[in-house]
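Colleague: Handing over model-v2.cif, mmCIF, C-alpha atoms.
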data_input
loop_
_atom_site.group_PDB
_atom_site.id
_atom_site.type_symbol
_atom_site.label_atom_id
_atom_site.label_comp_id
_atom_site.auth_asym_id
_atom_site.auth_seq_id
_atom_site.Cartn_x
_atom_site.Cartn_y
_atom_site.Cartn_z
ATOM 1 C CA MET A 1 176.812 186.849 72.933
ATOM 2 C CA LYS A 2 174.351 188.831 75.077
ATOM 3 C CA LYS A 3 172.196 191.524 73.511
ATOM 4 C CA SER A 4 172.165 194.864 75.197
ATOM 5 C CA ARG A 5 169.073 195.765 77.227
ATOM 6 C CA ARG A 6 168.431 198.712 74.962
ATOM 7 C CA HIS A 7 168.319 196.472 71.896
ATOM 8 C CA GLN A 8 165.969 194.000 73.616
ATOM 9 C CA ARG A 9 163.458 196.724 74.486
ATOM 10 C CA SER A 10 163.271 198.314 71.061
ATOM 11 C CA LEU A 11 161.013 196.629 68.532
ATOM 12 C CA GLY A 12 160.627 197.695 64.954
ATOM 13 C CA LEU A 13 157.158 198.073 63.530
ATOM 14 C CA SER A 14 157.590 194.868 61.536
ATOM 15 C CA ASP A 15 158.439 192.961 64.725
ATOM 16 C CA GLN A 16 155.302 194.283 66.418
ATOM 17 C CA GLU A 17 153.185 193.358 63.428
ATOM 18 C CA ALA A 18 154.654 189.848 63.344
ATOM 19 C CA THR A 19 154.049 189.410 67.067
ATOM 20 C CA SER A 20 150.486 190.725 66.729
ATOM 21 C CA LEU A 21 149.787 188.416 63.799
ATOM 22 C CA HIS A 22 151.106 185.443 65.758
ATOM 23 C CA MET A 23 148.947 186.356 68.755
ATOM 24 C CA VAL A 24 145.846 186.821 66.566
ATOM 25 C CA ASN A 25 146.398 183.404 64.986
ATOM 26 C CA GLN A 26 146.958 181.815 68.397
ATOM 27 C CA LEU A 27 143.777 183.394 69.771
ATOM 28 C CA ARG A 28 141.762 182.170 66.775
ATOM 29 C CA THR A 29 143.097 178.647 67.276
ATOM 30 C CA GLU A 30 142.280 178.713 70.999
ATOM 31 C CA ILE A 31 138.766 180.034 70.314
ATOM 32 C CA GLN A 32 138.113 177.238 67.814
ATOM 33 C CA THR A 33 139.430 174.630 70.250
ATOM 34 C CA LEU A 34 137.289 175.976 73.094
ATOM 35 C CA ASP A 35 134.218 176.116 70.849
ATOM 36 C CA LYS A 36 134.689 172.463 69.834
ATOM 37 C CA ARG A 37 135.210 171.377 73.449
ATOM 38 C CA ILE A 38 132.080 173.234 74.594
ATOM 39 C CA ALA A 39 130.057 171.601 71.800
ATOM 40 C CA GLN A 40 131.360 168.166 72.832
ATOM 41 C CA LEU A 41 130.455 168.766 76.472
ATOM 42 C CA GLN A 42 126.970 169.960 75.550
ATOM 43 C CA GLN A 43 126.334 166.758 73.599
ATOM 44 C CA ASP A 44 126.759 164.660 76.757
ATOM 45 C CA THR A 45 123.557 163.359 78.302
ATOM 46 C CA GLN A 46 124.524 165.102 81.543
ATOM 47 C CA PRO A 47 126.994 167.852 80.620
ATOM 48 C CA ASP A 48 129.199 169.352 83.302
ATOM 49 C CA LEU A 49 127.555 172.776 83.336
ATOM 50 C CA ASP A 50 130.273 174.277 85.519
ATOM 51 C CA MET A 51 132.885 173.262 82.946
ATOM 52 C CA VAL A 52 130.729 174.580 80.083
ATOM 53 C CA ARG A 53 130.394 177.946 81.873
ATOM 54 C CA HIS A 54 134.108 178.030 82.643
ATOM 55 C CA LEU A 55 135.134 177.271 79.058
ATOM 56 C CA SER A 56 132.545 179.720 77.733
ATOM 57 C CA GLY A 57 134.059 182.412 79.946
ATOM 58 C CA LEU A 58 137.540 181.621 78.646
ATOM 59 C CA MET A 59 136.302 181.720 75.064
ATOM 60 C CA HIS A 60 134.520 185.039 75.632
ATOM 61 C CA SER A 61 137.679 186.501 77.156
ATOM 62 C CA ARG A 62 139.801 185.414 74.205
ATOM 63 C CA GLN A 63 137.220 186.763 71.753
ATOM 64 C CA SER A 64 137.327 190.128 73.517
ATOM 65 C CA VAL A 65 141.116 190.270 73.291
ATOM 66 C CA LEU A 66 140.986 189.222 69.628
ATOM 67 C CA ASN A 67 138.432 191.929 68.839
ATOM 68 C CA TRP A 68 140.539 194.532 70.638
ATOM 69 C CA MET A 69 143.687 193.470 68.774
ATOM 70 C CA GLN A 70 141.911 193.590 65.424
ATOM 71 C CA LEU A 71 140.575 197.088 66.124
ATOM 72 C CA ARG A 72 143.991 198.234 67.299
ATOM 73 C CA ASN A 73 145.748 196.781 64.245
ATOM 74 C CA ASN A 74 143.284 198.504 61.924
ATOM 75 C CA GLN A 75 144.209 201.834 63.506
ATOM 76 C CA LEU A 76 147.954 201.428 62.876
#
Could you render the structure as structure tokens?
Modeller:
Amino acid sequence: MKKSRRHQRSLGLSDQEATSLHMVNQLRTEIQTLDKRIAQLQQDTQPDLDMVRHLSGLMHSRQSVLNWMQLRNNQL
């Protein structure tokens, strides 16, 4: 059975908190994975500096979003 559009748009506070928690955990996992990959690349005798910069940029972006989400969640 299809849910009404109105029901799909409305989220309870607990749903938002659960979604935020999931996103925070996902961001933390991605940051750890990127950090490990960057460390592996830097251990190479001739690391691909373009890839290191690219992955560092991705990691920085995810850290910024994580920081924003944590600040936002503390204000709720």
Colleague: Quote the spacing between CA of Gln63 in chain A and CA of Leu49 in chain A in Å to one decimal place.
Modeller: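 Those two atoms sit 20.6 Å apart.
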Colleague: Using all atoms listed in the file, pick whichever of A:Ala18, A:Val52, A:Leu66, A:Leu71 has the shortest atom-to-atom distance to Asp35 in chain A.
Modeller: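 Result for the nearest residue to Asp35 in chain A: A:Val52.
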Colleague: Mind pulling up the distance from CA of Arg62 in chain A to CA of Thr29 in chain A?
Modeller: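 Interatomic distance here is 10.2 Å.
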Colleague: The residues within 12 Å of (131.1, 173.2, 79.8), using only C-alpha atoms and the coordinates of the file, should be reported as a PyMOL selection string; which are they?
Modeller: chain A and resi 34-44+46-59
Colleague: Quick one: pull the distance between CA of Asp15 in chain A and CA of Thr33 in chain A, Å, one decimal.
Modeller: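 Computing it gives 27.0 Å between the two atoms.
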Colleague: Give me the box for range 22-26 of chain A as JSON, namely the centre and edge lengths in Å to one decimal of a box along x, y and z that holds every listed atom plus 5 Å on each side.
Modeller:
{"center_x": 148.5, "center_y": 184.3, "center_z": 66.9, "size_x": 15.3, "size_y": 15.0, "size_z": 13.8}
Colleague: May I ask which of the residues A:Val65, A:Asn74, A:Thr45, A:His60 is the closest one to Met23 in chain A, counting all atoms listed in the file?
Modeller: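 The closest residue to Met23 in chain A is A:Val65.
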Colleague: Compare A:Gln26, A:Ile31, A:Ser20, A:Asn73 by their minimum atom-to-atom distance to Ser61 in chain A, counting all atoms listed in the file, and give me the closest one.
Modeller: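 Nearest to Ser61 in chain A: A:Ile31.
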